[in-house]
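Participant: Structure supplied as final16.txt; contents: compact mmCIF, C-alpha atoms (C1' of nucleotides).
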```
# COMPACT_ATOMS: atom_id res chain seq x y z
CA MET C 138 27.80 142.44 192.02
CA PHE C 139 24.15 141.84 191.75
CA LYS C 140 23.12 142.01 188.15
CA LEU C 141 21.77 139.44 185.78
CA SER C 142 24.05 138.17 183.05
CA LYS C 143 23.95 139.42 179.52
CA LYS C 144 22.75 136.05 178.34
CA ALA C 145 19.75 136.27 180.62
CA ASP C 146 19.26 139.75 179.28
CA TYR C 147 19.31 138.47 175.74
CA GLY C 148 16.95 135.72 176.75
CA LEU C 149 14.41 138.22 178.01
CA ILE C 150 14.73 140.20 174.82
CA ALA C 151 14.25 137.09 172.71
CA VAL C 152 11.24 135.86 174.65
CA LYS C 153 9.64 139.26 174.50
CA HIS C 154 10.27 139.36 170.77
CA LEU C 155 8.70 135.95 170.35
CA ALA C 156 5.76 137.08 172.45
CA MET C 157 5.16 140.02 170.17
CA HIS C 158 5.34 137.88 167.05
CA ARG C 159 3.33 135.08 168.53
CA GLU C 160 1.08 133.04 166.22
CA GLN C 161 2.99 134.37 163.26
CA HIS C 162 5.83 132.50 161.70
CA ALA C 163 8.63 131.04 163.77
CA CYS C 164 11.43 133.54 164.32
CA SER C 165 14.95 132.41 163.57
CA ALA C 166 17.79 133.18 165.92
CA GLY C 167 19.52 135.24 163.27
CA GLU C 168 16.41 137.28 162.68
CA ILE C 169 16.09 138.23 166.32
CA ALA C 170 19.81 138.78 166.70
CA GLU C 171 19.96 141.17 163.78
CA GLU C 172 17.09 143.24 165.07
CA TYR C 173 18.85 143.96 168.35
CA GLY C 174 22.43 143.96 167.14
CA ILE C 175 23.49 140.79 168.89
CA SER C 176 25.65 138.00 167.56
CA ALA C 177 23.50 135.41 165.82
CA THR C 178 25.39 132.43 167.19
CA LEU C 179 25.16 133.77 170.70
CA MET C 180 21.46 134.37 170.39
CA ALA C 181 21.09 130.85 169.08
CA LYS C 182 22.85 129.53 172.14
CA VAL C 183 20.54 131.44 174.42
CA LEU C 184 17.48 130.19 172.58
CA GLN C 185 18.76 126.65 172.77
CA LYS C 186 18.82 126.90 176.54
CA LEU C 187 15.32 128.26 176.54
CA ALA C 188 14.23 125.39 174.32
CA HIS C 189 15.92 122.94 176.61
CA HIS C 190 13.78 124.24 179.46
CA SER C 191 10.63 123.95 177.38
CA LEU C 192 9.99 127.65 177.20
CA VAL C 193 10.24 127.83 173.43
CA ALA C 194 9.85 125.25 170.68
CA ALA C 195 12.57 124.88 168.06
CA LYS C 196 11.71 124.14 164.47
CA HIS C 197 14.53 122.84 162.36
CA GLY C 198 15.21 123.38 158.73
CA SER C 199 14.56 126.08 156.26
CA SER C 200 12.11 128.78 157.31
CA GLY C 201 12.37 127.30 160.79
CA GLY C 202 13.02 129.12 164.02
CA TYR C 203 11.65 129.37 167.53
CA GLN C 204 8.19 129.83 168.88
CA LEU C 205 6.76 130.33 172.32
CA ILE C 206 5.16 127.30 173.87
CA LYS C 207 3.35 128.87 176.79
CA ASP C 208 1.27 132.00 176.91
CA PRO C 209 3.28 135.21 177.45
CA GLY C 210 1.16 135.84 180.51
CA GLN C 211 2.22 132.49 181.94
CA ILE C 212 5.96 133.03 181.58
CA SER C 213 7.68 134.94 184.36
CA THR C 214 11.00 136.70 184.17
CA LEU C 215 12.20 134.24 186.77
CA ASP C 216 11.49 131.38 184.37
CA VAL C 217 13.68 132.93 181.72
CA ILE C 218 16.47 133.98 184.04
CA SER C 219 16.71 130.69 185.89
CA ALA C 220 16.54 128.77 182.62
CA ILE C 221 19.65 130.52 181.38
CA ASP C 222 21.64 131.29 184.49
CA GLY C 223 20.51 128.46 186.70
CA PRO C 224 18.75 128.79 190.03
CA VAL C 225 18.72 132.22 191.59
CA LEU C 226 20.55 132.03 194.90
CA ILE C 227 21.38 135.17 196.77
CA THR C 228 23.36 133.33 199.41
CA SER C 229 26.68 132.12 198.08
CA CYS C 230 27.15 129.65 200.90
CA VAL C 231 24.60 127.18 199.62
CA THR C 232 27.16 125.89 197.19
CA ASN C 233 29.95 125.80 199.75
CA HIS C 234 29.20 122.58 201.53
CA GLY C 235 30.22 122.35 205.13
CA ASN C 236 31.99 125.65 205.22
CA CYS C 237 29.35 128.04 206.40
CA ASP C 238 27.27 125.30 207.93
CA ALA C 239 30.11 124.29 210.17
CA THR C 240 30.30 127.68 211.79
CA GLU C 241 26.91 127.89 213.38
CA LYS C 242 27.75 131.35 214.58
CA CYS C 243 26.85 132.62 211.15
CA SER C 244 23.28 133.57 211.91
CA VAL C 245 23.03 135.74 208.86
CA ARG C 246 22.12 132.92 206.52
CA GLU C 247 18.53 132.30 207.43
CA PRO C 248 17.36 135.90 207.16
CA LEU C 249 19.17 136.23 203.87
CA ARG C 250 17.38 133.19 202.60
CA ARG C 251 14.11 134.92 203.36
CA VAL C 252 15.25 137.98 201.45
CA ASN C 253 16.12 135.68 198.60
CA GLU C 254 12.62 134.27 198.56
CA SER C 255 11.21 137.76 198.39
CA ILE C 256 13.31 138.49 195.35
CA LEU C 257 12.20 135.25 193.76
CA GLU C 258 8.65 136.32 194.39
CA VAL C 259 9.25 139.65 192.69
CA LEU C 260 10.87 138.06 189.66
CA GLY C 261 8.29 135.32 189.52
CA SER C 262 5.41 137.76 189.56
CA VAL C 263 6.48 139.75 186.53
CA THR C 264 5.34 138.04 183.36
CA ILE C 265 6.57 138.54 179.85
CA SER C 266 3.32 140.14 178.80
CA GLN C 267 3.78 142.68 181.58
CA LEU C 268 7.09 143.68 180.03
CA SER C 269 5.13 145.28 177.21
CA GLU C 270 2.69 147.18 179.36
CA GLU C 271 2.74 150.82 180.20
CA PRO C 272 5.05 151.69 183.06
CA HIS C 273 3.00 152.16 186.19
CA GLU C 274 4.31 154.81 188.47
CA GLN C 275 3.55 152.66 191.45
CA ALA C 276 6.05 150.14 192.68
CA LEU C 277 5.60 146.52 191.77
CA VAL C 278 5.51 145.35 195.32
CA ALA C 279 4.24 146.68 198.58
CA LEU C 280 6.43 146.12 201.56
CA ARG C 281 4.87 144.26 204.41
CA THR C 282 6.36 145.16 207.75
CA MET A 95 24.26 134.52 188.10
CA PHE A 96 22.41 136.51 190.60
CA LYS A 97 24.03 136.17 193.97
CA LEU A 98 25.75 138.65 196.19
CA SER A 99 29.50 138.44 196.49
CA LYS A 100 31.29 136.82 199.38
CA LYS A 101 32.66 140.17 200.41
CA ALA A 102 29.15 141.55 200.74
CA ASP A 103 28.34 138.42 202.68
CA TYR A 104 31.23 139.04 205.02
CA GLY A 105 30.17 142.63 205.31
CA LEU A 106 26.74 141.63 206.52
CA ILE A 107 28.27 139.24 209.02
CA ALA A 108 30.60 141.92 210.30
CA VAL A 109 27.91 144.55 210.63
CA LYS A 110 25.66 142.13 212.42
CA HIS A 111 28.49 141.24 214.76
CA LEU A 112 29.13 144.88 215.47
CA ALA A 113 25.43 145.38 216.06
CA MET A 114 25.40 142.66 218.67
CA HIS A 115 28.45 144.04 220.45
CA ARG A 116 27.31 147.61 220.18
CA GLU A 117 28.25 150.01 222.98
CA GLN A 118 30.91 147.59 224.12
CA HIS A 119 34.50 147.93 223.05
CA ALA A 120 35.45 148.39 219.44
CA CYS A 121 35.87 145.07 217.64
CA SER A 122 39.05 144.54 215.67
CA ALA A 123 38.94 143.01 212.22
CA GLY A 124 40.97 140.05 213.39
CA GLU A 125 38.60 139.41 216.25
CA ILE A 126 35.57 139.21 213.99
CA ALA A 127 37.43 137.24 211.35
CA GLU A 128 38.53 134.61 213.83
CA GLU A 129 35.04 134.13 215.15
CA TYR A 130 33.66 133.22 211.75
CA GLY A 131 36.70 131.56 210.27
CA ILE A 132 37.47 134.24 207.72
CA SER A 133 40.85 135.64 206.78
CA ALA A 134 41.71 138.60 208.98
CA THR A 135 43.18 140.70 206.20
CA LEU A 136 40.17 140.11 204.02
CA MET A 137 37.79 141.06 206.79
CA ALA A 138 39.84 144.19 207.35
CA LYS A 139 39.45 145.06 203.70
CA VAL A 140 35.71 144.65 203.89
CA LEU A 141 35.49 146.77 207.02
CA GLN A 142 37.59 149.45 205.39
CA LYS A 143 35.03 149.75 202.65
CA LEU A 144 32.26 149.96 205.19
CA ALA A 145 34.20 152.67 207.01
CA HIS A 146 34.71 154.52 203.75
CA HIS A 147 30.95 154.64 203.32
CA SER A 148 30.43 155.91 206.86
CA LEU A 149 28.69 152.80 208.09
CA VAL A 150 31.28 151.99 210.72
CA ALA A 151 33.88 154.07 212.51
CA ALA A 152 37.49 152.95 212.58
CA LYS A 153 39.58 153.45 215.66
CA HIS A 154 43.30 153.27 215.08
CA GLY A 155 45.98 152.02 217.35
CA SER A 156 46.21 149.46 220.07
CA SER A 157 42.91 148.12 221.36
CA GLY A 158 41.30 149.81 218.41
CA GLY A 159 38.81 148.39 216.00
CA TYR A 160 35.50 149.17 214.40
CA GLN A 161 32.23 150.40 215.78
CA LEU A 162 28.84 151.03 214.29
CA ILE A 163 27.99 154.65 213.64
CA LYS A 164 24.30 154.40 212.98
CA ASP A 165 21.65 152.46 214.81
CA PRO A 166 21.28 148.82 213.70
CA GLY A 167 17.65 149.57 212.93
CA GLN A 168 18.71 152.35 210.60
CA ILE A 169 21.11 150.30 208.51
CA SER A 170 19.60 148.28 205.68
CA THR A 171 21.13 145.31 203.95
CA LEU A 172 21.14 147.43 200.83
CA ASP A 173 23.43 149.92 202.56
CA VAL A 174 25.94 147.22 203.33
CA ILE A 175 25.74 145.49 199.98
CA SER A 176 25.99 148.62 197.89
CA ALA A 177 28.82 149.91 200.06
CA ILE A 178 30.91 146.87 199.24
CA ASP A 179 29.81 145.81 195.78
CA GLY A 180 28.81 149.16 194.41
CA PRO A 181 25.35 150.15 193.24
CA VAL A 182 22.92 147.33 192.71
CA LEU A 183 21.98 147.31 189.04
CA ILE A 184 20.00 144.46 187.64
CA THR A 185 20.29 145.75 184.11
CA SER A 186 23.77 145.30 182.74
CA CYS A 187 23.23 147.82 179.97
CA VAL A 188 23.35 150.84 182.21
CA THR A 189 27.10 150.65 182.21
CA ASN A 190 27.31 150.02 178.47
CA HIS A 191 26.96 153.53 177.17
CA GLY A 192 25.41 153.92 173.77
CA ASN A 193 25.16 150.25 173.03
CA CYS A 194 21.73 149.36 174.28
CA ASP A 195 20.56 152.94 174.15
CA ALA A 196 21.30 153.12 170.44
CA THR A 197 18.94 150.29 169.63
CA GLU A 198 15.68 151.72 170.76
CA LYS A 199 13.97 148.51 169.84
CA CYS A 200 15.12 147.10 173.12
CA SER A 201 11.97 147.75 175.06
CA VAL A 202 12.92 145.39 177.82
CA ARG A 203 15.02 147.90 179.69
CA GLU A 204 12.39 150.05 181.26
CA PRO A 205 10.34 147.22 182.79
CA LEU A 206 13.52 145.64 184.08
CA ARG A 207 14.43 148.88 185.71
CA ARG A 208 11.16 148.75 187.58
CA VAL A 209 11.90 145.22 188.71
CA ASN A 210 15.26 146.47 189.86
CA GLU A 211 13.63 149.13 191.96
CA SER A 212 11.43 146.53 193.58
CA ILE A 213 14.46 144.52 194.55
CA LEU A 214 16.12 147.63 195.90
CA GLU A 215 13.03 148.21 197.96
CA VAL A 216 13.17 144.70 199.36
CA LEU A 217 16.84 144.98 200.25
CA GLY A 218 16.41 148.48 201.60
CA SER A 219 13.57 147.46 203.86
CA VAL A 220 15.48 144.78 205.74
CA THR A 221 17.53 146.31 208.50
CA ILE A 222 20.45 144.83 210.36
CA SER A 223 18.44 144.56 213.53
CA GLN A 224 15.89 142.50 211.64
CA LEU A 225 18.59 140.00 210.78
CA SER A 226 18.58 138.93 214.40
CA GLU A 227 14.85 138.53 214.72
CA GLU A 228 12.88 135.37 214.66
CA PRO A 229 12.13 134.10 211.19
CA HIS A 230 8.58 134.95 210.28
CA GLU A 231 6.87 132.37 208.17
CA GLN A 232 5.22 135.05 206.11
CA ALA A 233 6.97 136.54 203.15
CA LEU A 234 8.67 139.87 203.52
CA VAL A 235 6.72 141.50 200.77
CA ALA A 236 3.23 141.29 199.45
CA LEU A 237 2.91 141.39 195.72
CA ARG A 238 0.80 144.15 194.35
CA THR A 239 -0.79 143.30 191.04
C1' DA W 237 18.10 114.18 144.84
C1' DG W 238 20.25 118.32 146.18
C1' DT W 239 20.91 122.68 148.10
C1' DA W 240 20.06 126.39 151.20
C1' DT W 241 18.72 127.39 155.64
C1' DA W 242 17.87 126.24 160.45
C1' DT W 243 18.81 124.36 164.87
C1' DA W 244 21.95 121.36 168.25
C1' DC W 245 25.92 120.76 170.71
C1' DG W 246 30.29 121.00 172.48
C1' DA W 247 34.96 122.70 172.52
C1' DC W 248 37.57 126.66 172.66
C1' DT W 249 39.44 131.46 173.68
C1' DG W 250 40.17 136.03 175.60
C1' DA W 251 38.69 139.17 178.90
C1' DA W 252 36.89 140.50 183.15
C1' DT W 253 35.89 139.75 187.70
C1' DC W 254 36.47 137.83 192.25
C1' DG W 255 38.49 135.94 196.36
C1' DG W 256 42.31 136.40 198.84
C1' DT W 257 47.31 137.76 200.14
C1' DC W 258 51.21 140.71 201.14
C1' DG W 259 53.81 144.67 202.40
C1' DC W 260 54.25 149.11 204.09
C1' DA W 261 52.70 153.44 206.18
C1' DG W 262 50.18 155.89 209.86
C1' DA W 263 47.82 156.22 214.34
C1' DT W 264 47.30 155.18 219.20
C1' DA W 265 47.52 153.02 223.96
C1' DG W 266 50.44 151.57 227.47
C1' DC J 178 59.10 153.50 221.98
C1' DT J 179 57.04 149.39 221.15
C1' DA J 180 53.07 146.53 220.25
C1' DT J 181 48.79 146.60 218.08
C1' DC J 182 45.59 148.02 215.00
C1' DT J 183 43.72 150.38 210.76
C1' DG J 184 44.55 152.26 205.76
C1' DC J 185 45.84 151.56 201.32
C1' DG J 186 47.40 149.82 197.17
C1' DA J 187 49.63 146.42 194.47
C1' DC J 188 49.51 141.81 193.36
C1' DC J 189 48.20 136.84 192.12
C1' DG J 190 45.53 132.64 191.03
C1' DA J 191 41.11 130.86 190.04
C1' DT J 192 36.77 131.22 188.31
C1' DT J 193 33.32 132.90 185.47
C1' DC J 194 31.55 135.11 181.43
C1' DA J 195 30.82 136.67 176.72
C1' DG J 196 31.41 135.30 172.44
C1' DT J 197 33.25 132.25 168.46
C1' DC J 198 33.83 128.23 165.66
C1' DG J 199 33.16 123.78 163.65
C1' DT J 200 30.43 120.03 162.85
C1' DA J 201 26.27 117.26 162.76
C1' DT J 202 21.42 117.15 161.79
C1' DA J 203 16.73 118.33 160.37
C1' DT J 204 13.59 120.60 157.11
C1' DA J 205 11.66 123.24 152.94
C1' DC J 206 11.85 124.18 148.42
C1' DT J 207 13.18 123.34 143.72
```
Give the structure from this file in structure tokens form.

Facilitator:
Amino acid sequence: MFKLSKKADYGLIAVKHLAMHREQHACSAGEIAEEYGISATLMAKVLQKLAHHSLVAAKHGSSGGYQLIKDPGQISTLDVISAIDGPVLITSCVTNHGNCDATEKCSVREPLRRVNESILEVLGSVTISQLSEEPHEQALVALRT
Amino acid sequence: MFKLSKKADYGLIAVKHLAMHREQHACSAGEIAEEYGISATLMAKVLQKLAHHSLVAAKHGSSGGYQLIKDPGQISTLDVISAIDGPVLITSCVTNHGNCDATEKCSVREPLRRVNESILEVLGSVTISQLSEEPHEQALVALRT
DNA sequence: AGTATATACGACTGAATCGGTCGCAGATAG
DNA sequence: CTATCTGCGACCGATTCAGTCGTATATACT
């Protein structure tokens, strides 16, 4: 397949929620989870990963929760996705050491890597603050032949 | 994660191989598989899917094999990938009926759908014949703010 | 101090998916 | 009529994923 995981999905939801409630109180994982009908423990896990990658700050204790560290305009969807799911690699052979590299006939790798970079560029260009904007009818990218 | 499956990978390899040997004899699944060190039965399975989506033509019997139907410049990587792995959907909630749609608070769907379309555009713009070209140092897409 | 409420972290489980194999049927060239 | 090839579906093992649970720890409020 080619879809992002549910956890990354939840991560985007959480970050967007935090962006909307920025500068207010810190939002707890349970608070966010309840609003979107997601398990509280699972949401906590997702937020922990985001905190571990310094996207959000965790505040312990009563009336604690999570808060955005960076500006919503400075956080890209790629940041969130890669924080939760790890690096985005379209080519599956990067992890297989020596297998694909051994067969040098496989000339499909390099062009795919370029496609991968294009996708990274798309994901990296969409910020969290843009997730709240009005949907433009135009496409997000223009293809360069 | 966010990578394409090995089968889609093999599919791209196979289509590229067929593109290079176009107008020659039909290539059997075993022939292609052996060249790249892939299981013959698995490659056959991949090619069957491609044939089912009218990307390649299957020729039965002795000295049979597969041949490209369309021009390599008319086949996009998206065609191959979606033929094997199904439609490319970045949002996992499209398949979950009623779950995400019920909670209308989830305002992250629509922007993600636009990102998805951008990715589709990237994949759809890269043709099989372009897989053989020289790697350009420039990116494949220009971001439009 | 003590309690309620949060996060932090890791182990665990059940389900789904994926990569890959096998066997058999049908078509075709020689 | 036989060898070779596709077509198809069932099948299996491994991996990954979504989600849960238990426990430790930090903080606010009383």

Participant: Tell me which of A:Lys139, A:Lys101, A:Lys164, A:Arg207 sits closest to chain J, counting all atoms listed in the file.

Facilitator: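 Closest to chain J, using all atoms listed in the file: A:Lys139.
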
Participant: Just need the residues of chain C within 9 Å of chain W, counting all atoms listed in the file, so spit them out as a list in words.

Facilitator: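 Every residue of chain C that passes the 9 Å test is in Ser165, Ala166, Ala181, Gln185, Ala195, Lys196, His197, Gly198, Ser199, Ser200, Gly201 and Gly202 of chain C.
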
Participant: In Å, with one decimal, what is the gap from CA of Ile163 in chain A to CA of Ser255 in chain C?

Facilitator: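 Atom-to-atom, CA of Ile163 in chain A and CA of Ser255 in chain C are spaced 28.3 Å apart.
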
Participant: Just checking: using all atoms listed in the file, which residue out of C:Ile212, C:Leu141, C:Gln267, C:His189 ends up closest to Val225 in chain C?

Facilitator: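 The closest residue to Val225 in chain C is C:Leu141.
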
Participant: Any idea what the distance is between CA of Lys110 in chain A and CA of Thr135 in chain A?

Facilitator: 18.6 Å

Participant: Could you list, as a PyMOL selection string, the residues of chain J having an atom within 9 Å of chain C when counting only C-alpha atoms (C1' of nucleotides)?

Facilitator: chain J and resi 194-197+202-206

Participant: Work out how far CA of Pro166 in chain A is from C1' of DT181 in chain J, in Å to one decimal.

Facilitator: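 C1' of DT181 in chain J sits 27.9 Å away from CA of Pro166 in chain A.
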
Participant: Any idea what's packed within 12 Å of Glu125 in chain A, counting all atoms listed in the file, ignoring anything in its chain fewer than 4 positions away? Could you give it as a PyMOL selection string?

Facilitator: (chain A and resi 108+111-112+115+119-121+129-135+137-138+157-160) or (chain J and resi 182)

Participant: Rank A:Val174, A:Ile107, A:Leu214, A:Met114 by their smallest atom-to-atom distance to chain C, using all atoms listed in the file, and report the top residue only.

Facilitator: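 For chain C, the nearest of the given residues is A:Ile107.
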
Participant: Go ahead and find all residues with at least one atom no further than 9 Å from (9.8, 137.0, 184.8) in the file's coordinates, using all atoms listed in the file; report them as a PDB file with C-alpha atoms, in the frame of the given file.

Facilitator:
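Just written: selection-v1.pdb:
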```
ATOM      1  CA  LEU C 149      14.410 138.220 178.010  1.00  0.00           C
ATOM      2  CA  ILE C 212       5.960 133.030 181.580  1.00  0.00           C
ATOM      3  CA  SER C 213       7.680 134.940 184.360  1.00  0.00           C
ATOM      4  CA  THR C 214      11.000 136.700 184.170  1.00  0.00           C
ATOM      5  CA  LEU C 215      12.200 134.240 186.770  1.00  0.00           C
ATOM      6  CA  ASP C 216      11.490 131.380 184.370  1.00  0.00           C
ATOM      7  CA  VAL C 217      13.680 132.930 181.720  1.00  0.00           C
ATOM      8  CA  ILE C 218      16.470 133.980 184.040  1.00  0.00           C
ATOM      9  CA  VAL C 259       9.250 139.650 192.690  1.00  0.00           C
ATOM     10  CA  LEU C 260      10.870 138.060 189.660  1.00  0.00           C
ATOM     11  CA  GLY C 261       8.290 135.320 189.520  1.00  0.00           C
ATOM     12  CA  SER C 262       5.410 137.760 189.560  1.00  0.00           C
ATOM     13  CA  VAL C 263       6.480 139.750 186.530  1.00  0.00           C
ATOM     14  CA  THR C 264       5.340 138.040 183.360  1.00  0.00           C
ATOM     15  CA  ILE C 265       6.570 138.540 179.850  1.00  0.00           C
ATOM     16  CA  GLN C 267       3.780 142.680 181.580  1.00  0.00           C
ATOM     17  CA  LEU C 268       7.090 143.680 180.030  1.00  0.00           C
TER      18      LEU C 268
END
```
